[in-house]
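With compact mmCIF, C-alpha atoms and all ligand atoms inside, this is start.txt:
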# COMPACT_ATOMS: atom_id res chain seq x y z
CA MET Q 23 -41.45 -47.00 21.90
CA SER Q 24 -42.63 -46.37 18.34
CA GLY Q 25 -42.72 -49.12 15.73
CA SER Q 26 -40.20 -47.42 13.49
CA MET Q 27 -37.68 -47.06 16.33
CA GLU Q 28 -38.02 -50.74 17.09
CA LEU Q 29 -37.45 -51.60 13.46
CA LYS Q 30 -34.37 -49.44 13.33
CA SER Q 31 -32.81 -50.84 16.49
CA SER Q 32 -33.63 -54.47 15.78
CA SER Q 33 -31.55 -54.43 12.60
CA ALA Q 34 -28.29 -53.43 14.31
CA PRO Q 35 -26.04 -56.29 15.43
CA VAL Q 36 -24.61 -55.24 18.78
CA LEU Q 37 -22.65 -58.44 19.23
CA THR Q 38 -21.17 -60.75 16.62
CA VAL Q 39 -19.17 -63.79 17.69
CA GLN Q 40 -17.52 -65.75 14.90
CA HIS Q 41 -15.78 -69.12 14.93
CA ALA Q 42 -15.73 -69.23 18.75
CA THR Q 43 -13.61 -72.12 19.95
CA LYS Q 44 -12.71 -72.82 23.58
CA ARG Q 45 -10.98 -75.80 25.13
CA PHE Q 46 -10.57 -76.77 28.75
CA GLY Q 47 -7.78 -79.33 28.56
CA PRO Q 48 -9.22 -82.20 26.56
CA VAL Q 49 -12.77 -80.81 26.65
CA LEU Q 50 -13.86 -78.88 23.57
CA ALA Q 51 -16.40 -76.62 25.25
CA LEU Q 52 -17.03 -74.48 22.14
CA ASP Q 53 -16.39 -75.70 18.62
CA ASP Q 54 -16.52 -73.03 15.90
CA VAL Q 55 -19.72 -71.33 17.09
CA ASP Q 56 -21.20 -68.18 15.53
CA ILE Q 57 -23.78 -66.07 17.34
CA GLN Q 58 -25.19 -62.62 16.85
CA ALA Q 59 -27.36 -60.43 19.06
CA CYS Q 60 -29.18 -57.31 17.92
CA ALA Q 61 -30.36 -54.22 19.71
CA GLY Q 62 -33.93 -54.53 20.91
CA GLU Q 63 -34.06 -58.32 20.73
CA VAL Q 64 -33.85 -61.23 23.13
CA LEU Q 65 -31.70 -64.06 21.84
CA ALA Q 66 -32.26 -67.37 23.63
CA LEU Q 67 -29.11 -69.45 24.01
CA LEU Q 68 -30.26 -73.01 24.57
CA GLY Q 69 -28.76 -76.42 25.17
CA ASP Q 70 -28.53 -79.29 27.61
CA ASN Q 71 -26.20 -79.20 30.59
CA GLY Q 72 -22.61 -79.12 29.39
CA ALA Q 73 -23.55 -77.80 25.93
CA GLY Q 74 -21.26 -74.78 26.27
CA LYS Q 75 -23.74 -71.99 27.04
CA SER Q 76 -22.02 -70.65 30.14
CA THR Q 77 -18.63 -70.93 28.47
CA MET Q 78 -19.86 -68.83 25.56
CA ILE Q 79 -21.19 -66.04 27.74
CA LYS Q 80 -18.12 -66.12 29.97
CA CYS Q 81 -15.96 -65.55 26.89
CA ILE Q 82 -18.16 -62.58 25.93
CA SER Q 83 -18.00 -61.26 29.50
CA GLY Q 84 -14.22 -61.47 29.81
CA VAL Q 85 -14.14 -64.28 32.38
CA HIS Q 86 -12.55 -66.63 29.82
CA GLN Q 87 -10.66 -65.91 26.61
CA LEU Q 88 -11.54 -67.64 23.33
CA ASP Q 89 -8.82 -69.93 21.96
CA GLU Q 90 -9.94 -69.08 18.46
CA GLY Q 91 -12.54 -66.78 16.97
CA GLU Q 92 -13.51 -63.16 17.15
CA ILE Q 93 -15.88 -60.96 19.11
CA CYS Q 94 -17.20 -57.77 17.50
CA LEU Q 95 -19.15 -55.08 19.33
CA ASN Q 96 -21.15 -52.82 17.03
CA GLY Q 97 -19.12 -54.26 14.17
CA VAL Q 98 -15.73 -53.52 15.73
CA PRO Q 99 -13.41 -56.42 16.64
CA THR Q 100 -12.96 -56.10 20.39
CA ALA Q 101 -10.62 -57.86 22.78
CA ILE Q 102 -12.44 -58.46 26.06
CA ARG Q 103 -9.67 -59.37 28.46
CA SER Q 104 -11.45 -59.08 31.80
CA PRO Q 105 -14.91 -58.65 33.31
CA GLY Q 106 -13.96 -55.01 33.88
CA ASN Q 107 -13.24 -54.66 30.16
CA ALA Q 108 -16.65 -56.10 29.35
CA ARG Q 109 -18.42 -53.73 31.71
CA GLU Q 110 -16.60 -50.75 30.23
CA ALA Q 111 -17.78 -51.92 26.82
CA GLY Q 112 -21.40 -51.86 28.01
CA ILE Q 113 -21.87 -55.57 28.72
CA GLU Q 114 -23.70 -56.51 31.93
CA THR Q 115 -23.82 -60.16 32.91
CA VAL Q 116 -25.90 -62.02 35.46
CA TYR Q 117 -23.92 -65.20 36.02
CA GLN Q 118 -25.48 -68.55 36.74
CA ASP Q 119 -23.47 -68.75 39.93
CA LEU Q 120 -24.69 -65.21 40.69
CA ALA Q 121 -21.36 -63.69 41.63
CA LEU Q 122 -22.65 -61.63 44.51
CA PHE Q 123 -20.33 -60.87 47.38
CA ASP Q 124 -21.80 -62.61 50.42
CA ASN Q 125 -20.22 -60.25 52.90
CA LEU Q 126 -21.62 -57.09 51.28
CA THR Q 127 -25.03 -55.42 51.35
CA PRO Q 128 -27.16 -55.17 48.19
CA SER Q 129 -26.01 -51.61 47.64
CA GLN Q 130 -22.35 -52.55 48.06
CA ASN Q 131 -22.94 -55.41 45.63
CA PHE Q 132 -24.56 -53.08 43.12
CA TYR Q 133 -21.60 -50.75 43.07
CA ALA Q 134 -18.70 -53.08 43.76
CA GLY Q 135 -15.81 -51.93 41.60
CA ARG Q 136 -17.69 -48.88 40.33
CA GLU Q 137 -18.45 -46.97 43.50
CA LEU Q 138 -19.79 -43.45 43.23
CA SER Q 139 -17.32 -41.12 44.84
CA TYR Q 140 -16.33 -37.46 45.18
CA PRO Q 141 -14.61 -35.09 44.61
CA ALA Q 142 -13.69 -36.05 41.05
CA TRP Q 143 -10.37 -34.22 41.15
CA LEU Q 144 -8.93 -36.50 43.80
CA PRO Q 145 -7.38 -39.87 42.92
CA LEU Q 146 -9.94 -42.68 43.38
CA GLY Q 147 -8.36 -44.03 46.56
CA LEU Q 148 -8.62 -40.69 48.36
CA ARG Q 149 -12.23 -39.87 47.51
CA PHE Q 150 -15.28 -40.10 49.76
CA MET Q 151 -17.92 -42.67 48.91
CA LYS Q 152 -21.38 -41.46 48.05
CA SER Q 153 -22.87 -44.19 50.23
CA ARG Q 154 -26.23 -42.48 50.69
CA GLU Q 155 -26.63 -42.02 46.93
CA MET Q 156 -25.69 -45.65 46.23
CA GLU Q 157 -28.09 -46.89 48.90
CA ARG Q 158 -30.86 -44.66 47.59
CA VAL Q 159 -30.55 -45.91 43.99
CA THR Q 160 -30.35 -49.52 45.11
CA ALA Q 161 -33.40 -49.20 47.35
CA GLU Q 162 -35.30 -47.46 44.56
CA VAL Q 163 -34.53 -50.17 42.01
CA LEU Q 164 -35.31 -53.03 44.38
CA ASN Q 165 -38.51 -51.28 45.32
CA ARG Q 166 -39.46 -50.83 41.68
CA LEU Q 167 -38.93 -54.55 41.23
CA ARG Q 168 -40.92 -55.18 44.40
CA VAL Q 169 -38.03 -57.07 45.91
CA ILE Q 170 -38.73 -56.93 49.60
CA LEU Q 171 -35.69 -57.42 51.79
CA PRO Q 172 -35.96 -58.00 55.52
CA LYS Q 173 -33.27 -55.40 56.21
CA PRO Q 174 -31.78 -53.30 53.41
CA ASP Q 175 -28.43 -53.04 55.16
CA ALA Q 176 -28.07 -56.78 55.81
CA THR Q 177 -25.46 -58.63 53.76
CA VAL Q 178 -26.72 -60.79 50.90
CA ALA Q 179 -25.51 -63.92 52.74
CA LEU Q 180 -28.81 -63.81 54.64
CA MET Q 181 -31.02 -63.75 51.56
CA SER Q 182 -32.98 -66.51 49.89
CA GLY Q 183 -31.96 -67.78 46.46
CA GLY Q 184 -34.79 -65.82 44.88
CA GLN Q 185 -33.83 -62.59 46.61
CA ARG Q 186 -30.21 -62.98 45.59
CA GLN Q 187 -31.20 -63.60 42.00
CA ALA Q 188 -33.45 -60.56 42.05
CA VAL Q 189 -30.60 -58.41 43.38
CA ALA Q 190 -28.28 -59.67 40.63
CA VAL Q 191 -30.82 -58.95 37.89
CA ALA Q 192 -31.67 -55.58 39.40
CA ARG Q 193 -28.00 -54.66 39.33
CA ALA Q 194 -27.82 -55.45 35.61
CA THR Q 195 -30.82 -53.20 34.91
CA VAL Q 196 -29.09 -50.26 36.54
CA PHE Q 197 -25.88 -50.52 34.55
CA ALA Q 198 -27.10 -51.97 31.23
CA ARG Q 199 -25.98 -49.90 28.29
CA LYS Q 200 -25.70 -52.20 25.32
CA LEU Q 201 -25.78 -55.91 25.97
CA VAL Q 202 -27.27 -57.77 28.90
CA ILE Q 203 -26.53 -61.45 29.40
CA LEU Q 204 -28.55 -63.54 31.82
CA ASP Q 205 -27.47 -67.10 32.58
CA GLU Q 206 -30.50 -69.01 33.90
CA PRO Q 207 -31.87 -66.01 35.79
CA THR Q 208 -35.14 -67.65 36.79
CA ALA Q 209 -33.75 -71.06 37.76
CA ALA Q 210 -33.99 -70.49 41.51
CA LEU Q 211 -37.21 -68.49 41.45
CA GLY Q 212 -40.84 -69.11 42.31
CA LEU Q 213 -43.56 -68.22 39.80
CA ARG Q 214 -44.11 -64.67 40.99
CA GLU Q 215 -40.43 -63.85 41.25
CA ALA Q 216 -39.81 -65.35 37.82
CA ARG Q 217 -42.60 -63.16 36.43
CA LYS Q 218 -40.81 -60.06 37.72
CA VAL Q 219 -37.55 -61.10 36.14
CA LEU Q 220 -39.26 -61.79 32.79
CA ASP Q 221 -40.86 -58.35 32.87
CA LEU Q 222 -37.45 -56.85 33.58
CA ILE Q 223 -35.93 -58.65 30.64
CA ALA Q 224 -38.66 -57.29 28.36
CA GLN Q 225 -37.97 -53.83 29.75
CA LEU Q 226 -34.23 -54.12 29.08
CA ARG Q 227 -35.02 -55.18 25.52
CA ASP Q 228 -37.48 -52.34 24.98
CA GLU Q 229 -34.87 -49.87 26.19
CA GLY Q 230 -32.81 -50.94 23.17
CA ASN Q 231 -30.42 -53.41 24.77
CA ALA Q 232 -29.49 -56.63 23.08
CA VAL Q 233 -30.34 -59.40 25.56
CA ILE Q 234 -28.97 -62.93 25.64
CA LEU Q 235 -31.07 -65.23 27.77
CA ILE Q 236 -29.97 -68.70 28.83
CA THR Q 237 -32.83 -70.75 30.16
CA HIS Q 238 -34.31 -74.25 30.22
CA ASN Q 239 -37.84 -72.87 30.35
CA MET Q 240 -39.42 -73.12 26.89
CA GLU Q 241 -42.40 -70.99 27.91
CA HIS Q 242 -40.04 -68.17 28.71
CA VAL Q 243 -38.29 -68.67 25.39
CA THR Q 244 -41.47 -68.41 23.32
CA GLU Q 245 -42.66 -65.46 25.35
CA LEU Q 246 -39.53 -63.34 25.01
CA ALA Q 247 -37.07 -64.53 22.42
CA SER Q 248 -37.17 -63.49 18.77
CA ARG Q 249 -34.43 -65.98 17.97
CA ALA Q 250 -33.09 -69.13 19.56
CA ILE Q 251 -29.67 -70.68 19.06
CA VAL Q 252 -29.15 -74.25 20.19
CA LEU Q 253 -25.80 -75.63 21.29
CA ARG Q 254 -25.03 -79.29 21.75
CA GLN Q 255 -21.65 -80.56 22.93
CA GLY Q 256 -20.01 -77.29 22.04
CA ARG Q 257 -21.46 -77.00 18.57
CA LYS Q 258 -24.23 -74.87 17.18
CA VAL Q 259 -26.87 -77.31 16.00
CA GLY Q 260 -29.72 -74.98 15.14
CA GLU Q 261 -31.13 -71.51 15.00
CA LEU Q 262 -34.80 -70.71 14.69
CA LEU Q 263 -37.60 -68.35 15.49
CA PRO Q 264 -39.23 -69.86 18.58
CA THR Q 265 -43.01 -70.21 18.49
CA LYS Q 266 -45.53 -72.32 20.39
CA GLU Q 267 -45.81 -74.50 17.29
CA ASN Q 268 -42.12 -75.42 17.00
CA GLN Q 269 -41.47 -75.76 20.73
CA GLN Q 270 -41.24 -79.55 20.39
CA GLU Q 271 -38.79 -79.22 17.52
CA LEU Q 272 -36.68 -76.94 19.68
CA VAL Q 273 -36.68 -79.42 22.54
CA SER Q 274 -35.63 -82.22 20.17
CA MET Q 275 -32.77 -80.06 18.94
CA ILE Q 276 -31.65 -79.46 22.52
CA VAL Q 277 -31.62 -83.09 23.58
CA GLY Q 278 -30.41 -84.34 20.20
CA ALA Q 279 -33.34 -86.68 19.56
N1 LIG W 301 -13.56 -73.86 34.04
C1 LIG W 301 -13.71 -75.05 33.43
N2 LIG W 301 -12.74 -75.99 33.47
C2 LIG W 301 -12.86 -77.18 32.85
N3 LIG W 301 -13.96 -77.53 32.14
C3 LIG W 301 -14.97 -76.65 32.07
C4 LIG W 301 -14.90 -75.37 32.70
N4 LIG W 301 -16.05 -74.70 32.44
C5 LIG W 301 -16.79 -75.53 31.68
N5 LIG W 301 -16.16 -76.69 31.45
C6 LIG W 301 -16.65 -77.82 30.64
O1 LIG W 301 -17.06 -77.30 29.40
C7 LIG W 301 -18.26 -77.89 28.96
C8 LIG W 301 -19.33 -76.84 28.77
O2 LIG W 301 -19.72 -76.35 30.04
P1 LIG W 301 -20.71 -75.13 30.24
O3 LIG W 301 -20.32 -74.06 29.31
O4 LIG W 301 -20.73 -74.80 31.69
O5 LIG W 301 -22.10 -75.77 29.79
P2 LIG W 301 -23.60 -75.26 30.02
O6 LIG W 301 -23.55 -73.90 30.61
O7 LIG W 301 -24.23 -75.32 28.66
O8 LIG W 301 -24.22 -76.26 30.95
C9 LIG W 301 -18.60 -78.95 29.99
O9 LIG W 301 -18.08 -80.19 29.55
C10 LIG W 301 -17.89 -78.46 31.24
O10 LIG W 301 -17.56 -79.53 32.09
MG MG W 302 -24.34 -73.14 32.42
Rewrite the structure from the file as structure tokens, please.
Amino acid sequence: MSGSMELKSSSAPVLTVQHATKRFGPVLALDDVDIQACAGEVLALLGDNGAGKSTMIKCISGVHQLDEGEICLNGVPTAIRSPGNAREAGIETVYQDLALFDNLTPSQNFYAGRELSYPAWLPLGLRFMKSREMERVTAEVLNRLRVILPKPDATVALMSGGQRQAVAVARATVFARKLVILDEPTAALGLREARKVLDLIAQLRDEGNAVILITHNMEHVTELASRAIVLRQGRKVGELLPTKENQQELVSMIVGA
């Protein structure tokens, strides 16, 4: 990608969240938080356990609704009422709890809820599934990511944590169109698997997606993120450009030292 294209894309805010507030009963999980993510950048969303990171991305992905605040996509206020809504709007999310269907194969997981089918003139329920096509794409992507599965048609229940995580990230790369959100995508991975996922994240960014990365790994933050936002107890407590030099400052912000 040329320098000028990068410059152009990195100035466009794909996502703007303003005054995000979310309560769960007495718990104020998000308290008036603003975040922004631009095309062609990785934004690190950081914070200790319970800081509100997952809540924030679940509100953006339509799993939860904000109590107060506004979400804009490409500058347009957008109501995201369900995960389906979010996907239609071009938002792909890899959840911390992975959200794979245990009883389905990788290919069925890839296309769950958005199966390829034909002929187009029939109502969805009466169409034939393009199973071969879906299996082919899935195998191709997993192969590209060098995810080696014992049996491609086995359900994901039989996979290791790392394999499952790889399948979830791979799925996001196939459908990413605008914004990709990854909630601790390397948490369950060994060094080599984590490396693959980091490379994928860089690739998603270079393809012009805005990427939001939640992680506890500061090395990964300095490697990939052009901006870091720190949450603590539901509030935004800092925003900075992460470098090797200010890594300690960032950690202090996270733990509130
Ligand atoms: N579905 C829920 N019901 C009740 N409380 C929740 C729910 N989800 C999150 N919380 C609470 O909201 C706060 C923020 O949680 P979370 O967003 O998961 O934090 P993080 O992802 O930063 O670890 C925590 O106090 C957590 O217990
Ligand atoms: Mg979380």
Report task. Excluding Ile102 in chain Q and residues on its chain fewer than 3 positions from it, collect all residues at most 8 Å away from it, counting all atoms listed in the file, and give them as a ChimeraX atom specification. Result -> /Q:81-84,87,105,107-108
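Near Ser248 in chain Q, within 10 Å and counting only C-alpha atoms, sit Gly62, Glu63, Val64, Leu65, Ala66, Val243, Thr244, Glu245, Leu262, Leu263, Pro264 and Thr265 of chain Q; same-chain residues fewer than 3 positions away were not included.
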Grab the residues selected above and save them as a tab-separated table (two decimals), in the frame of the given file with C-alpha atoms.
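The resulting file, again.tsv, is reproduced below:
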chain	number	residue	atom	x	y	z
Q	62	GLY	CA	-33.93	-54.53	20.91
Q	63	GLU	CA	-34.06	-58.32	20.73
Q	64	VAL	CA	-33.85	-61.23	23.13
Q	65	LEU	CA	-31.70	-64.06	21.84
Q	66	ALA	CA	-32.26	-67.37	23.63
Q	243	VAL	CA	-38.29	-68.67	25.39
Q	244	THR	CA	-41.47	-68.41	23.32
Q	245	GLU	CA	-42.66	-65.46	25.35
Q	262	LEU	CA	-34.80	-70.71	14.69
Q	263	LEU	CA	-37.60	-68.35	15.49
Q	264	PRO	CA	-39.23	-69.86	18.58
Q	265	THR	CA	-43.01	-70.21	18.49
Report summary line: Students should find that CA of Asn239 in chain Q and CA of Thr160 in chain Q are spaced 28.6 Å
**Report entry** Residue contacts of Thr208 in chain Q (12 Å, only C-alpha atoms) excluding same-chain residues fewer than 6 positions away, as a ChimeraX atom specification
**Finding:** /Q:116-118,120,183-188,190-191,214-223,235-239,241-243
Query raised in the report: Could you state the separation of CA of Val259 in chain Q and CA of Met240 in chain Q in Å, given to one decimal place?
Result: 17.1 Å
Report task. Taking all atoms listed in the file into account, report as a ChimeraX atom specification which residues have an atom no farther than 9 Å from an atom of ligand LIG 301 (chain W). Result -> /Q:44-52,67-80,86,118,205,236,253-256
Query raised in the report: What is the distance, in Å and to one decimal place, between CA of Val85 in chain Q and CA of Thr100 in chain Q?
Result: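 CA of Thr100 in chain Q lies at a distance of 14.6 Å from CA of Val85 in chain Q.
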Query raised in the report: Do you know which residues are at most 9 Å from Glu137 in chain Q counting all atoms listed in the file, after dropping those on the same chain fewer than 5 positions away, and could you put them as a PyMOL selection string?
Result: chain Q and resi 130+132+151-153+156
Query raised in the report: Which residue gives the smallest distance to Ser129 in chain Q among Q:Leu95, Q:Leu164, Q:Ala142, Q:Ile251, with all atoms listed in the file counted?
Result: Q:Leu164
Report task. Counting only C-alpha atoms and all ligand atoms, figure out which residue out of Q:Arg168, Q:Arg193, Q:Ala209, Q:Tyr140 gets nearest to ligand MG 302 (chain W). Result -> Q:Ala209
Query raised in the report: Looking at only C-alpha atoms and all ligand atoms, which of Q:Ala250, Q:Leu226, Q:Leu171, Q:Leu204 is the one that sits closest to ligand MG 302 (chain W)?
Result: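 That would be Q:Leu204, the residue with the smallest distance to ligand MG 302 (chain W).
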Query - Using only C-alpha atoms: which of Q:Ala42, Q:Val189, Q:Ala198, Q:Ala134 has the shortest distance to Ile170 in chain Q - result: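 Ranked by minimum distance to Ile170 in chain Q, first place goes to Q:Val189.
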Centre and edge lengths of an axis-aligned box around all listed atoms of range 183-187 of chain Q, with 3 Å added on each side, are to be given in Å to one decimal, as AutoDock Vina command-line options.
--center_x -32.5 --center_y -65.2 --center_z 44.3 --size_x 10.6 --size_y 11.2 --size_z 10.6
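Using all atoms listed in the file for every distance, the candidate list Q:Gln58, Q:Arg227, Q:Pro207, Q:Met275 yields Q:Pro207 as the residue closest to ligand MG 302 (chain W).
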Keeping N, CA and C atoms (and nothing else), can you write range 200-220 of chain Q of this structure as a PDB file, in the first residue's frame?
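This went into decode06.pdb:
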ATOM      1  N   LYS Q 200     -14.939  -3.169   7.517  1.00  0.00           N
ATOM      2  CA  LYS Q 200     -14.825  -1.799   8.001  1.00  0.00           C
ATOM      3  C   LYS Q 200     -14.106  -1.730   9.346  1.00  0.00           C
ATOM      4  N   LEU Q 201     -14.664  -2.482  10.289  1.00  0.00           N
ATOM      5  CA  LEU Q 201     -14.144  -2.424  11.654  1.00  0.00           C
ATOM      6  C   LEU Q 201     -14.010  -3.842  12.188  1.00  0.00           C
ATOM      7  N   VAL Q 202     -12.845  -4.166  12.689  1.00  0.00           N
ATOM      8  CA  VAL Q 202     -12.635  -5.484  13.285  1.00  0.00           C
ATOM      9  C   VAL Q 202     -12.270  -5.295  14.755  1.00  0.00           C
ATOM     10  N   ILE Q 203     -12.978  -6.001  15.615  1.00  0.00           N
ATOM     11  CA  ILE Q 203     -12.747  -5.888  17.051  1.00  0.00           C
ATOM     12  C   ILE Q 203     -12.286  -7.239  17.569  1.00  0.00           C
ATOM     13  N   LEU Q 204     -11.163  -7.233  18.275  1.00  0.00           N
ATOM     14  CA  LEU Q 204     -10.631  -8.486  18.799  1.00  0.00           C
ATOM     15  C   LEU Q 204     -10.434  -8.357  20.297  1.00  0.00           C
ATOM     16  N   ASP Q 205     -11.173  -9.163  21.059  1.00  0.00           N
ATOM     17  CA  ASP Q 205     -11.127  -9.114  22.518  1.00  0.00           C
ATOM     18  C   ASP Q 205     -10.188 -10.208  23.024  1.00  0.00           C
ATOM     19  N   GLU Q 206      -8.985  -9.812  23.396  1.00  0.00           N
ATOM     20  CA  GLU Q 206      -7.943 -10.719  23.889  1.00  0.00           C
ATOM     21  C   GLU Q 206      -7.731 -11.926  22.961  1.00  0.00           C
ATOM     22  N   PRO Q 207      -7.411 -11.665  21.705  1.00  0.00           N
ATOM     23  CA  PRO Q 207      -7.329 -12.755  20.730  1.00  0.00           C
ATOM     24  C   PRO Q 207      -6.115 -13.655  20.901  1.00  0.00           C
ATOM     25  N   THR Q 208      -5.108 -13.217  21.641  1.00  0.00           N
ATOM     26  CA  THR Q 208      -3.922 -14.065  21.793  1.00  0.00           C
ATOM     27  C   THR Q 208      -3.826 -14.687  23.186  1.00  0.00           C
ATOM     28  N   ALA Q 209      -4.858 -14.452  24.011  1.00  0.00           N
ATOM     29  CA  ALA Q 209      -4.769 -14.866  25.416  1.00  0.00           C
ATOM     30  C   ALA Q 209      -4.519 -16.367  25.578  1.00  0.00           C
ATOM     31  N   ALA Q 210      -5.115 -17.178  24.719  1.00  0.00           N
ATOM     32  CA  ALA Q 210      -5.001 -18.631  24.897  1.00  0.00           C
ATOM     33  C   ALA Q 210      -3.916 -19.243  24.003  1.00  0.00           C
ATOM     34  N   LEU Q 211      -3.094 -18.387  23.391  1.00  0.00           N
ATOM     35  CA  LEU Q 211      -2.201 -18.901  22.358  1.00  0.00           C
ATOM     36  C   LEU Q 211      -0.754 -19.042  22.800  1.00  0.00           C
ATOM     37  N   GLY Q 212      -0.065 -20.003  22.196  1.00  0.00           N
ATOM     38  CA  GLY Q 212       1.377 -20.118  22.342  1.00  0.00           C
ATOM     39  C   GLY Q 212       2.051 -19.051  21.496  1.00  0.00           C
ATOM     40  N   LEU Q 213       3.383 -18.955  21.609  1.00  0.00           N
ATOM     41  CA  LEU Q 213       4.124 -17.895  20.924  1.00  0.00           C
ATOM     42  C   LEU Q 213       3.917 -17.901  19.421  1.00  0.00           C
ATOM     43  N   ARG Q 214       4.006 -19.088  18.825  1.00  0.00           N
ATOM     44  CA  ARG Q 214       3.911 -19.158  17.359  1.00  0.00           C
ATOM     45  C   ARG Q 214       2.514 -18.837  16.876  1.00  0.00           C
ATOM     46  N   GLU Q 215       1.517 -19.345  17.598  1.00  0.00           N
ATOM     47  CA  GLU Q 215       0.132 -19.053  17.213  1.00  0.00           C
ATOM     48  C   GLU Q 215      -0.166 -17.570  17.383  1.00  0.00           C
ATOM     49  N   ALA Q 216       0.343 -16.995  18.475  1.00  0.00           N
ATOM     50  CA  ALA Q 216       0.127 -15.568  18.719  1.00  0.00           C
ATOM     51  C   ALA Q 216       0.741 -14.757  17.585  1.00  0.00           C
ATOM     52  N   ARG Q 217       1.919 -15.177  17.138  1.00  0.00           N
ATOM     53  CA  ARG Q 217       2.603 -14.479  16.036  1.00  0.00           C
ATOM     54  C   ARG Q 217       1.691 -14.422  14.806  1.00  0.00           C
ATOM     55  N   LYS Q 218       1.065 -15.542  14.503  1.00  0.00           N
ATOM     56  CA  LYS Q 218       0.168 -15.603  13.334  1.00  0.00           C
ATOM     57  C   LYS Q 218      -0.972 -14.618  13.481  1.00  0.00           C
ATOM     58  N   VAL Q 219      -1.541 -14.588  14.665  1.00  0.00           N
ATOM     59  CA  VAL Q 219      -2.679 -13.699  14.901  1.00  0.00           C
ATOM     60  C   VAL Q 219      -2.245 -12.234  14.791  1.00  0.00           C
ATOM     61  N   LEU Q 220      -1.050 -11.908  15.300  1.00  0.00           N
ATOM     62  CA  LEU Q 220      -0.553 -10.532  15.198  1.00  0.00           C
ATOM     63  C   LEU Q 220      -0.353 -10.139  13.733  1.00  0.00           C
TER      64      LEU Q 220
END
